[in-house]
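input-v4.txt, holding compact mmCIF, C-alpha atoms:
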```
# COMPACT_ATOMS: atom_id res chain seq x y z
CA MET A 20 24.82 -11.91 -19.06
CA ARG A 21 21.38 -11.63 -20.63
CA GLY A 22 19.17 -14.54 -19.66
CA ARG A 23 21.88 -16.40 -17.76
CA VAL A 24 19.95 -16.40 -14.47
CA ALA A 25 16.29 -16.42 -13.59
CA ILE A 26 14.03 -15.50 -10.72
CA VAL A 27 12.47 -18.79 -9.71
CA GLY A 28 10.59 -17.83 -6.57
CA ALA A 29 8.84 -14.75 -5.24
CA GLY A 30 6.89 -14.24 -2.05
CA GLU A 31 5.81 -11.84 0.63
CA ALA A 32 5.35 -12.03 4.38
CA ASP A 33 2.05 -13.67 5.35
CA GLU A 34 0.47 -10.30 6.09
CA HIS A 35 1.33 -6.61 5.78
CA GLY A 36 0.03 -3.35 7.14
CA LYS A 37 0.40 -2.50 10.82
CA LEU A 38 1.83 -5.57 12.55
CA PRO A 39 2.98 -4.76 16.10
CA HIS A 40 3.20 -8.51 16.79
CA LYS A 41 5.94 -9.15 14.20
CA SER A 42 9.57 -8.09 14.12
CA ALA A 43 11.44 -7.00 11.02
CA PHE A 44 13.35 -10.30 11.05
CA ALA A 45 10.12 -12.28 11.29
CA LEU A 46 8.93 -10.46 8.15
CA HIS A 47 12.20 -11.37 6.39
CA ALA A 48 11.79 -15.02 7.37
CA GLU A 49 8.12 -15.32 6.41
CA ALA A 50 8.83 -13.84 3.02
CA ALA A 51 11.85 -16.10 2.54
CA ARG A 52 9.84 -19.19 3.44
CA ASN A 53 7.08 -18.23 1.03
CA ALA A 54 9.49 -17.43 -1.81
CA LEU A 55 11.33 -20.75 -1.37
CA ALA A 56 8.06 -22.66 -1.31
CA ASP A 57 7.04 -20.80 -4.46
CA ALA A 58 10.28 -21.91 -6.10
CA GLY A 59 9.92 -25.49 -4.96
CA LEU A 60 13.21 -25.22 -3.09
CA ARG A 61 14.18 -25.96 0.50
CA LYS A 62 16.07 -23.76 2.88
CA ASP A 63 19.05 -26.08 2.65
CA ASP A 64 19.28 -25.42 -1.08
CA VAL A 65 20.21 -21.78 -0.39
CA ASP A 66 23.93 -21.03 -0.44
CA ALA A 67 23.82 -17.22 -0.81
CA VAL A 68 21.93 -14.64 1.23
CA PHE A 69 21.38 -11.05 0.15
CA SER A 70 19.57 -8.49 2.26
CA ALA A 71 19.57 -4.81 3.10
CA GLY A 72 18.40 -3.22 6.27
CA LEU A 73 19.84 -1.49 9.28
CA TRP A 74 21.75 -4.62 10.26
CA MET A 75 24.40 -6.91 8.78
CA GLY A 76 23.37 -9.25 6.00
CA SER A 77 24.76 -12.10 8.05
CA GLU A 78 22.28 -11.40 10.86
CA THR A 79 19.42 -12.10 8.50
CA ALA A 80 21.07 -15.40 7.58
CA GLU A 81 21.48 -16.33 11.24
CA TYR A 82 17.85 -15.58 12.01
CA MET A 83 16.75 -17.86 9.19
CA GLY A 84 19.18 -20.60 10.20
CA ILE A 85 21.10 -20.43 6.94
CA ARG A 86 24.90 -20.69 6.72
CA PRO A 87 25.62 -19.13 3.34
CA ARG A 88 28.94 -19.25 1.56
CA TYR A 89 28.15 -15.97 -0.13
CA VAL A 90 26.71 -12.92 1.67
CA ASP A 91 25.86 -9.50 0.28
CA GLY A 92 24.50 -6.74 2.50
CA THR A 93 24.74 -3.91 -0.02
CA GLN A 94 22.65 -1.06 1.32
CA ILE A 95 21.94 1.75 -1.14
CA GLY A 96 18.38 2.40 0.00
CA GLY A 97 15.08 1.02 -1.22
CA CYS A 98 16.46 -0.15 -4.57
CA SER A 99 19.03 -2.40 -2.87
CA PHE A 100 17.12 -5.60 -3.63
CA ILE A 101 17.06 -4.87 -7.34
CA ALA A 102 20.82 -4.31 -7.20
CA HIS A 103 21.08 -7.59 -5.28
CA VAL A 104 19.64 -9.42 -8.28
CA GLU A 105 22.44 -7.97 -10.37
CA HIS A 106 25.01 -8.95 -7.74
CA ALA A 107 23.53 -12.45 -7.48
CA MET A 108 23.71 -12.81 -11.25
CA ALA A 109 27.39 -11.87 -11.21
CA ALA A 110 28.15 -14.25 -8.33
CA ILE A 111 26.29 -17.14 -9.94
CA GLU A 112 28.03 -16.50 -13.27
CA ALA A 113 31.38 -16.47 -11.46
CA GLY A 114 30.60 -19.82 -9.88
CA LEU A 115 30.62 -18.45 -6.34
CA CYS A 116 27.11 -19.60 -5.45
CA GLU A 117 24.13 -21.40 -6.94
CA VAL A 118 20.93 -20.43 -5.16
CA ALA A 119 20.60 -16.82 -4.05
CA LEU A 120 17.92 -15.82 -1.55
CA ILE A 121 17.23 -12.07 -1.51
CA THR A 122 15.08 -10.95 1.40
CA HIS A 123 13.45 -7.81 2.71
CA GLY A 124 11.68 -7.35 6.04
CA GLU A 125 10.90 -4.02 7.61
CA SER A 126 8.73 -3.01 10.51
CA GLY A 127 8.41 0.44 8.99
CA ALA A 128 5.26 1.45 10.86
CA SER A 129 5.47 -0.46 14.14
CA ARG A 130 9.28 -0.32 14.44
CA VAL A 131 9.55 -3.76 16.06
CA GLY A 132 13.09 -5.12 16.11
CA MET A 133 14.33 -2.11 14.19
CA PRO A 134 17.53 -0.24 15.01
CA GLY A 135 16.90 3.47 15.41
CA THR A 136 18.45 4.89 12.28
CA ARG A 137 21.46 4.59 10.01
CA PHE A 138 21.87 8.35 10.16
CA GLY A 139 23.40 9.10 13.54
CA ALA A 140 24.43 12.48 14.94
CA ASP A 141 27.82 12.19 13.24
CA SER A 142 26.37 11.50 9.77
CA TRP A 143 26.72 14.06 7.05
CA ARG A 144 22.97 14.34 6.77
CA LEU A 145 22.56 15.26 10.43
CA GLN A 146 25.53 17.59 10.46
CA PHE A 147 24.86 19.50 7.27
CA GLU A 148 21.18 19.16 6.40
CA GLN A 149 19.02 18.34 9.39
CA PRO A 150 19.87 21.60 11.24
CA PHE A 151 18.12 23.43 8.41
CA GLY A 152 14.88 21.54 8.76
CA LEU A 153 15.47 18.61 6.43
CA ALA A 154 12.98 16.57 8.39
CA GLY A 155 13.09 13.43 6.30
CA PRO A 156 12.23 12.12 2.86
CA PRO A 157 9.27 14.44 2.12
CA THR A 158 11.45 17.52 2.54
CA GLY A 159 14.17 16.22 0.27
CA TYR A 160 11.81 15.07 -2.47
CA ALA A 161 10.00 18.39 -2.29
CA LEU A 162 13.21 20.12 -3.33
CA ALA A 163 13.44 18.02 -6.49
CA ALA A 164 9.71 18.38 -7.22
CA THR A 165 10.00 22.15 -6.89
CA ARG A 166 12.87 22.27 -9.33
CA HIS A 167 11.11 19.96 -11.80
CA MET A 168 8.06 22.23 -11.75
CA HIS A 169 10.24 25.30 -12.20
CA GLU A 170 12.17 23.97 -15.17
CA PHE A 171 9.50 21.99 -16.99
CA GLY A 172 6.18 23.39 -15.85
CA THR A 173 5.13 20.14 -14.20
CA THR A 174 1.96 20.73 -12.20
CA SER A 175 0.53 19.46 -8.92
CA GLU A 176 -2.41 18.10 -10.93
CA GLN A 177 -0.04 15.97 -13.03
CA LEU A 178 1.65 14.63 -9.91
CA ALA A 179 -1.75 13.84 -8.43
CA GLU A 180 -2.57 11.79 -11.54
CA VAL A 181 0.16 9.36 -10.48
CA ALA A 182 -1.59 8.73 -7.17
CA VAL A 183 -4.99 8.41 -8.88
CA ALA A 184 -3.85 5.93 -11.56
CA THR A 185 -1.98 3.90 -8.95
CA ARG A 186 -5.08 3.78 -6.73
CA ARG A 187 -7.08 2.42 -9.63
CA TRP A 188 -4.63 -0.48 -9.89
CA ALA A 189 -4.86 -1.00 -6.12
CA GLN A 190 -8.62 -1.31 -6.44
CA LEU A 191 -7.98 -4.39 -8.59
CA ASN A 192 -5.66 -5.92 -5.97
CA PRO A 193 -7.43 -7.44 -2.93
CA ARG A 194 -4.17 -7.31 -0.94
CA ALA A 195 -3.65 -3.56 -1.43
CA LEU A 196 -4.04 -1.52 1.74
CA MET A 197 -5.63 1.60 0.19
CA ARG A 198 -8.54 0.80 -2.12
CA ASP A 199 -11.05 3.63 -1.71
CA PRO A 200 -11.76 5.72 -4.81
CA LEU A 201 -9.40 8.65 -5.25
CA THR A 202 -9.57 11.78 -7.40
CA VAL A 203 -7.09 14.48 -8.34
CA ALA A 204 -9.15 16.89 -6.22
CA ASP A 205 -8.77 14.56 -3.22
CA VAL A 206 -4.98 14.60 -3.60
CA LEU A 207 -4.83 18.38 -3.95
CA ALA A 208 -7.12 18.83 -0.93
CA SER A 209 -5.05 16.59 1.30
CA ARG A 210 -2.81 18.11 3.94
CA MET A 211 0.37 19.81 2.73
CA ILE A 212 3.33 17.82 4.02
CA SER A 213 6.24 19.61 2.37
CA TRP A 214 5.35 22.01 -0.40
CA PRO A 215 4.55 21.00 -3.15
CA LEU A 216 3.91 17.46 -1.85
CA HIS A 217 0.54 16.75 -0.27
CA LEU A 218 -0.18 13.82 2.02
CA LEU A 219 -1.57 11.79 -0.89
CA ASP A 220 1.55 12.49 -2.96
CA CYS A 221 3.41 10.44 -0.33
CA CYS A 222 3.66 6.67 0.01
CA LEU A 223 2.26 4.58 2.84
CA VAL A 224 4.33 3.59 5.86
CA THR A 225 3.78 -0.09 6.64
CA ASP A 226 5.22 -3.30 8.03
CA ALA A 227 5.96 -5.73 5.22
CA GLY A 228 8.39 -8.26 3.81
CA GLY A 229 9.26 -9.78 0.46
CA ALA A 230 11.77 -12.17 -1.03
CA VAL A 231 12.93 -13.59 -4.35
CA VAL A 232 15.09 -16.56 -5.26
CA VAL A 233 17.59 -16.39 -8.14
CA THR A 234 19.48 -19.25 -9.75
CA ALA A 235 21.11 -20.19 -13.04
CA ALA A 236 18.79 -20.44 -16.04
CA GLU A 237 19.63 -24.13 -16.63
CA ARG A 238 18.64 -25.02 -13.08
CA ALA A 239 15.59 -22.77 -13.25
CA ARG A 240 14.18 -24.84 -16.10
CA ASP A 241 14.16 -27.93 -13.84
CA LEU A 242 12.02 -26.24 -11.20
CA GLY A 243 8.25 -26.12 -11.04
CA LYS A 244 7.36 -22.57 -12.01
CA LYS A 245 7.94 -20.74 -15.26
CA PRO A 246 11.42 -19.14 -15.00
CA ILE A 247 11.48 -15.36 -15.14
CA TYR A 248 14.73 -14.60 -16.94
CA VAL A 249 16.89 -11.66 -15.95
CA LEU A 250 17.52 -9.92 -19.27
CA GLY A 251 19.23 -6.74 -18.16
CA THR A 252 20.31 -4.95 -15.00
CA GLY A 253 21.91 -1.69 -13.97
CA GLU A 254 22.66 0.24 -10.83
CA ALA A 255 24.21 3.60 -9.98
CA SER A 256 24.76 5.95 -7.08
CA THR A 257 25.49 9.66 -7.34
CA HIS A 258 25.21 11.17 -3.84
CA VAL A 259 23.72 10.65 -0.39
CA MET A 260 22.70 14.14 0.74
CA ILE A 261 19.93 15.68 -1.36
CA SER A 262 21.83 18.99 -1.39
CA GLN A 263 24.53 17.23 -3.40
CA MET A 264 22.18 15.80 -6.05
CA PRO A 265 23.93 16.69 -9.33
CA ASP A 266 20.78 18.17 -10.89
CA PHE A 267 17.50 18.36 -8.98
CA ALA A 268 15.37 18.10 -12.09
CA ARG A 269 17.16 15.09 -13.55
CA TRP A 270 17.64 11.70 -11.92
CA ASP A 271 21.15 10.86 -13.08
CA ALA A 272 21.44 7.57 -11.16
CA ALA A 273 18.29 6.29 -12.86
CA ARG A 274 19.58 7.28 -16.29
CA MET A 275 22.86 5.45 -15.65
CA ALA A 276 21.14 2.31 -14.32
CA GLY A 277 18.58 2.28 -17.11
CA GLU A 278 21.14 2.67 -19.90
CA ARG A 279 22.99 -0.44 -18.77
CA ALA A 280 19.83 -2.46 -18.25
CA PHE A 281 18.47 -1.67 -21.73
CA ALA A 282 21.84 -2.26 -23.38
CA MET A 283 22.23 -5.63 -21.68
CA ALA A 284 18.68 -6.71 -22.42
CA GLY A 285 18.91 -5.62 -26.04
CA ILE A 286 15.28 -4.53 -26.13
CA ARG A 287 13.47 -1.34 -27.09
CA HIS A 288 11.32 0.70 -24.74
CA ALA A 289 8.23 -0.31 -26.71
CA ASP A 290 8.96 -3.94 -25.84
CA VAL A 291 8.23 -3.34 -22.15
CA ASP A 292 4.75 -4.67 -21.35
CA VAL A 293 4.57 -3.65 -17.70
CA ALA A 294 6.61 -1.23 -15.57
CA GLU A 295 7.01 -1.28 -11.81
CA LEU A 296 8.56 2.07 -10.86
CA TYR A 297 9.31 2.86 -7.25
CA ASP A 298 6.81 5.52 -6.12
CA ALA A 299 7.82 6.82 -2.71
CA PHE A 300 6.39 10.15 -3.86
CA THR A 301 4.43 11.03 -6.98
CA ILE A 302 7.37 12.96 -8.43
CA VAL A 303 9.57 9.83 -8.39
CA PRO A 304 8.00 7.82 -11.24
CA VAL A 305 7.68 11.04 -13.25
CA MET A 306 11.42 11.57 -13.09
CA ALA A 307 12.06 7.85 -13.62
CA LEU A 308 10.05 7.85 -16.88
CA GLU A 309 12.26 10.65 -18.19
CA ALA A 310 15.55 9.21 -16.92
CA LEU A 311 14.80 5.75 -18.29
CA GLY A 312 13.90 7.20 -21.68
CA PHE A 313 10.19 6.33 -21.80
CA CYS A 314 9.61 10.00 -22.58
CA LYS A 315 11.71 13.06 -23.23
CA GLU A 316 13.20 15.22 -20.51
CA GLY A 317 10.51 17.40 -18.99
CA GLU A 318 7.65 15.39 -20.46
CA GLY A 319 7.08 13.08 -17.50
CA GLY A 320 4.26 15.23 -16.17
CA ALA A 321 2.37 15.10 -19.44
CA PHE A 322 3.06 11.36 -19.71
CA VAL A 323 1.40 10.52 -16.39
CA GLY A 324 -1.26 13.18 -16.91
CA SER A 325 -2.54 11.37 -19.98
CA GLY A 326 -4.00 8.49 -17.99
CA ARG A 327 -1.99 5.92 -19.93
CA THR A 328 -0.46 4.42 -16.78
CA ALA A 329 -3.87 3.49 -15.29
CA PRO A 330 -5.72 0.18 -15.86
CA GLY A 331 -6.73 0.07 -19.52
CA GLY A 332 -3.96 2.46 -20.56
CA ASP A 333 -1.17 1.56 -22.96
CA PHE A 334 1.55 1.83 -20.31
CA PRO A 335 0.59 -0.35 -17.30
CA MET A 336 2.57 1.02 -14.35
CA ASN A 337 2.68 -0.01 -10.70
CA THR A 338 0.08 -2.67 -11.18
CA ASN A 339 0.06 -3.87 -7.57
CA GLY A 340 -1.00 -0.41 -6.38
CA GLY A 341 2.56 0.75 -5.70
CA GLY A 342 4.04 2.28 -2.63
CA LEU A 343 1.30 4.87 -2.81
CA SER A 344 -1.60 2.42 -2.32
CA TYR A 345 -0.33 -1.16 -1.96
CA THR A 346 2.36 -1.09 0.71
CA HIS A 347 5.57 0.76 1.55
CA SER A 348 7.71 -0.64 4.31
CA GLY A 349 10.48 1.91 3.83
CA MET A 350 12.49 -0.01 1.24
CA TYR A 351 9.84 -0.73 -1.38
CA GLY A 352 12.08 -2.00 -4.20
CA MET A 353 11.52 -5.65 -3.33
CA PHE A 354 7.82 -5.33 -4.15
CA THR A 355 8.57 -4.20 -7.71
CA LEU A 356 10.35 -7.55 -8.20
CA VAL A 357 7.57 -9.61 -6.65
CA GLU A 358 4.90 -7.91 -8.75
CA ALA A 359 6.92 -8.22 -11.97
CA VAL A 360 7.33 -11.97 -11.41
CA ARG A 361 3.61 -12.37 -10.78
CA GLN A 362 2.68 -10.35 -13.86
CA LEU A 363 5.03 -12.32 -16.09
CA ARG A 364 3.69 -15.61 -14.76
CA GLY A 365 0.12 -14.45 -15.31
CA GLU A 366 -0.86 -14.78 -11.65
CA CYS A 367 -2.43 -11.36 -11.15
CA GLY A 368 -6.17 -11.96 -11.57
CA ALA A 369 -8.16 -8.76 -12.11
CA ARG A 370 -5.05 -6.62 -12.47
CA GLN A 371 -3.26 -8.94 -14.88
CA VAL A 372 -1.65 -7.20 -17.85
CA LYS A 373 -2.66 -9.32 -20.84
CA ASP A 374 0.18 -11.29 -22.42
CA ALA A 375 2.88 -9.59 -20.34
CA LYS A 376 6.21 -10.94 -21.57
CA ILE A 377 8.71 -8.27 -20.53
CA ALA A 378 8.64 -6.30 -17.29
CA LEU A 379 10.82 -3.47 -16.08
CA CYS A 380 11.48 -2.89 -12.38
CA HIS A 381 13.06 0.33 -11.26
CA GLY A 382 14.06 1.24 -7.74
CA LEU A 383 14.98 4.34 -5.83
CA GLY A 384 17.58 4.70 -3.11
CA GLY A 385 17.96 7.43 -0.53
CA MET A 386 17.17 10.93 -1.78
CA PHE A 387 17.26 10.24 -5.55
CA SER A 388 20.74 9.05 -4.49
CA ALA A 389 20.86 5.65 -6.07
CA ALA A 390 18.88 3.65 -8.58
CA ALA A 391 18.66 0.08 -9.81
CA THR A 392 16.87 -1.22 -12.87
CA LEU A 393 15.98 -4.75 -13.88
CA ILE A 394 14.43 -5.99 -17.10
CA ALA A 395 12.93 -9.45 -16.88
CA GLY A 396 11.15 -11.65 -19.38
CA THR A 397 9.42 -14.96 -19.91
CA GLU A 398 11.83 -15.81 -22.71
CA VAL A 399 15.39 -14.92 -23.67
CA PRO A 400 15.13 -12.98 -26.95
CA MET B 12 29.82 35.86 -4.95
CA PRO B 13 27.53 38.56 -6.27
CA SER B 14 24.62 36.32 -7.16
CA ARG B 15 23.26 33.13 -5.73
CA TYR B 16 20.50 30.82 -6.75
CA LEU B 17 17.76 29.39 -4.63
CA ILE B 18 16.90 26.11 -6.28
CA GLY B 19 14.32 24.51 -4.06
CA ILE B 20 11.95 25.46 -1.32
CA ASP B 21 10.05 23.57 1.31
CA LEU B 22 7.30 25.10 3.35
CA GLY B 23 6.17 22.04 5.25
CA THR B 24 7.08 23.64 8.53
CA THR B 25 7.47 27.18 9.63
CA ASN B 26 10.89 27.26 8.05
CA SER B 27 11.89 27.28 4.41
CA ALA B 28 14.50 24.68 3.68
CA ALA B 29 16.39 25.63 0.57
CA THR B 30 19.50 24.76 -1.29
CA TYR B 31 21.79 27.49 -2.27
CA MET B 32 24.35 27.37 -5.03
CA THR B 33 27.27 29.73 -5.20
CA ASP B 34 28.47 31.11 -8.49
CA GLU B 35 31.49 28.87 -8.05
CA GLY B 36 29.38 25.71 -7.91
CA PRO B 37 29.39 24.35 -4.34
CA ARG B 38 25.90 23.94 -2.97
CA LEU B 39 24.62 23.72 0.59
CA MET B 40 21.43 23.13 2.50
CA THR B 41 20.15 26.21 4.27
CA ASN B 42 17.05 28.16 5.26
CA LEU B 43 15.55 31.34 3.97
CA VAL B 44 14.95 33.91 6.66
CA GLY B 45 13.58 37.43 6.62
CA ILE B 46 10.82 36.51 4.19
CA GLU B 47 7.45 34.90 4.75
CA PRO B 48 7.55 31.15 3.94
CA ASP B 49 4.95 31.47 1.21
CA PRO B 50 5.45 29.77 -2.19
CA ALA B 51 3.94 32.83 -3.86
CA ARG B 52 6.67 35.06 -2.48
CA LEU B 53 9.70 32.80 -2.84
CA ARG B 54 11.36 32.59 -6.22
CA ILE B 55 13.85 30.07 -7.52
CA GLY B 56 16.89 32.08 -8.54
CA MET B 57 16.28 34.98 -6.21
CA PRO B 58 19.46 36.69 -5.01
CA VAL B 59 20.19 36.13 -1.34
CA GLU B 60 22.87 37.00 1.16
CA VAL B 61 24.18 35.13 4.16
CA ALA B 62 22.76 35.79 7.62
CA PHE B 63 24.73 33.88 10.22
CA ASP B 64 22.55 32.59 13.03
CA ASP B 65 24.43 32.12 16.32
CA ILE B 66 22.54 29.13 17.65
CA ALA B 67 25.03 28.43 20.45
CA PRO B 68 28.22 30.05 21.72
CA GLU B 69 30.37 27.85 19.49
CA PHE B 70 27.99 27.37 16.58
CA ALA B 71 26.61 29.55 13.85
CA LEU B 72 24.40 28.32 11.03
CA PRO B 73 24.61 30.00 7.63
CA ARG B 74 21.05 30.94 6.76
CA PHE B 75 20.18 33.29 3.89
CA ARG B 76 17.90 36.31 3.50
CA PRO B 77 16.84 38.19 0.38
CA ALA B 78 19.71 40.36 -0.82
CA SER B 79 19.39 43.96 0.24
```
Is it possible to express this structure as structure tokens?
Amino acid sequence: MRGRVAIVGAGEADEHGKLPHKSAFALHAEAARNALADAGLRKDDVDAVFSAGLWMGSETAEYMGIRPRYVDGTQIGGCSFIAHVEHAMAAIEAGLCEVALITHGESGASRVGMPGTRFGADSWRLQFEQPFGLAGPPTGYALAATRHMHEFGTTSEQLAEVAVATRRWAQLNPRALMRDPLTVADVLASRMISWPLHLLDCCLVTDAGGAVVVTAAERARDLGKKPIYVLGTGEASTHVMISQMPDFARWDAARMAGERAFAMAGIRHADVDVAELYDAFTIVPVMALEALGFCKEGEGGAFVGSGRTAPGGDFPMNTNGGGLSYTHSGMYGMFTLVEAVRQLRGECGARQVKDAKIALCHGLGGMFSAAATLIAGTEVP
Amino acid sequence: MPSRYLIGIDLGTTNSAATYMTDEGPRLMTNLVGIEPDPARLRIGMPVEVAFDDIAPEFALPRFRPAS
């Protein structure tokens, strides 16, 4: 299906940060409106709605006043929106819909219009993990980070380098929430949240929204903006509870998703000009780099420790400032898509990666539970 | 089950969340007890033994302590 569909619009909610005056649905709708305007399409052009949250996908459609003939509410965590692009591609190819609107809105900090949780007292996680102090994402990710350090000798300093390089990108992005200078020493001196993860190894918690519009490549060429072709996609899910992760030091779901995406796209790793890798915690992109094959197993720490992911390096990564410094609503994957589109269109100003032609987006779901990968390009090779 | 493997530790709170893998393969979330929650003292792979914690009349949680 390489190059058969394209992302034709990308947008975010009007503002992000701490927004106690906006509900999660309002953030969905703002982002949707902005993405459709970006695409030069009207709401009535949309015939398929994709979204993931703590509600039904159809509720998002109702809020926006859209009556879609195709709805997908696949919820596999923060990478859901990347998987939605794959699902939209399949549906468009099958002739089931024409214009797919994929939206994300989350009042992650203010919790306005947000259901309590998808993990109730009867969930596996609360029955079998929470009684032992699994207090939330930092605890789970700490288990994987600990194992990665044990097997491969990855250090806290190397993890801190991820936060530092990402902050340097954020300093080039006026919309990023965290733009103060940051050093490895600052990260290591920040409060311990769940050993070995410090506060500054953890992403932000914000209110934010984003959306993209996907349609067939032929139709995309008739619209105003340069089409961003979907060259390859993949998704996978291996577990929900972190205690059931097949191997704590290896992100199997990411490997599975990445293999399909690269095979479909028919490109080499060296062809990727810019990478947007979900960074809920500093350990996550390290394990993604290994699982996706950008470096060998166990070499992710050295990869990020080399400084090559920072501005000026040969591997531009998380160029918007990432979940660590740009924004993180709770399900960050949407923002990897939005940033990839902007980079490939050349809209990124001071943080623009020169001549970016192929971008890779990679998302995380749950507790290293799921993954989705998308390779996009300005041309179909 | 003569040996067990601690494969992750978390010291963010006063407890040590850990996962424990039996020789047979099944793995479960648990806590380490009977040892100070200090990364310098806890070892991945250390042998442990079960220490049931009766948290309520009907409920016991399987926590683990260093093997004697």
- Item | 9 Å contacts from chain A to chain B using all atoms listed in the file, as a VMD selection string | chain A and resid 147 to 153 157 to 159 161 to 166 169 211 to 216 261 to 263 267
- Query: In Å, how far is it from CA of Val203 in chain A to CA of Arg370 in chain A?
  - Reply: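 Result for CA of Val203 in chain A versus CA of Arg370 in chain A: 21.6 Å, one decimal.
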Find the spatial neighbours of Val206 in chain A, counting all atoms listed in the file, within a cut-off of 12 Å - ignore same-chain residues fewer than 4 positions away - and output them as a compact mmCIF listing (two decimals) with C-alpha atoms, in the coordinates of the input.
```
# COMPACT_ATOMS: atom_id res chain seq x y z
CA SER A 175 0.53 19.46 -8.92
CA GLU A 176 -2.41 18.10 -10.93
CA GLN A 177 -0.04 15.97 -13.03
CA LEU A 178 1.65 14.63 -9.91
CA ALA A 179 -1.75 13.84 -8.43
CA GLU A 180 -2.57 11.79 -11.54
CA VAL A 181 0.16 9.36 -10.48
CA ALA A 182 -1.59 8.73 -7.17
CA VAL A 183 -4.99 8.41 -8.88
CA ALA A 184 -3.85 5.93 -11.56
CA ARG A 186 -5.08 3.78 -6.73
CA PRO A 200 -11.76 5.72 -4.81
CA LEU A 201 -9.40 8.65 -5.25
CA THR A 202 -9.57 11.78 -7.40
CA ARG A 210 -2.81 18.11 3.94
CA MET A 211 0.37 19.81 2.73
CA ILE A 212 3.33 17.82 4.02
CA PRO A 215 4.55 21.00 -3.15
CA LEU A 216 3.91 17.46 -1.85
CA HIS A 217 0.54 16.75 -0.27
CA LEU A 218 -0.18 13.82 2.02
CA LEU A 219 -1.57 11.79 -0.89
CA ASP A 220 1.55 12.49 -2.96
CA CYS A 221 3.41 10.44 -0.33
CA THR A 301 4.43 11.03 -6.98
CA LEU A 343 1.30 4.87 -2.81
```
Identify, on the basis of only C-alpha atoms, every residue whose closest approach to range 386-393 of chain A does not exceed 6 Å; exclude the query and any residue fewer than 2 positions from it along the same chain; express the result as a PyMOL selection string. chain A and resi 98+101-102+251-259+261+272-273+276-277+379-384
Requested in this report: Could you check how far CA of Gly45 in chain B sits from CA of Asp64 in chain B, in Å to one decimal?
Outcome: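 One can read the CA of Gly45 in chain B to CA of Asp64 in chain B distance as 12.0 Å.
Put simply, CA of Arg88 in chain A is 27.1 Å away from CA of Ile394 in chain A.
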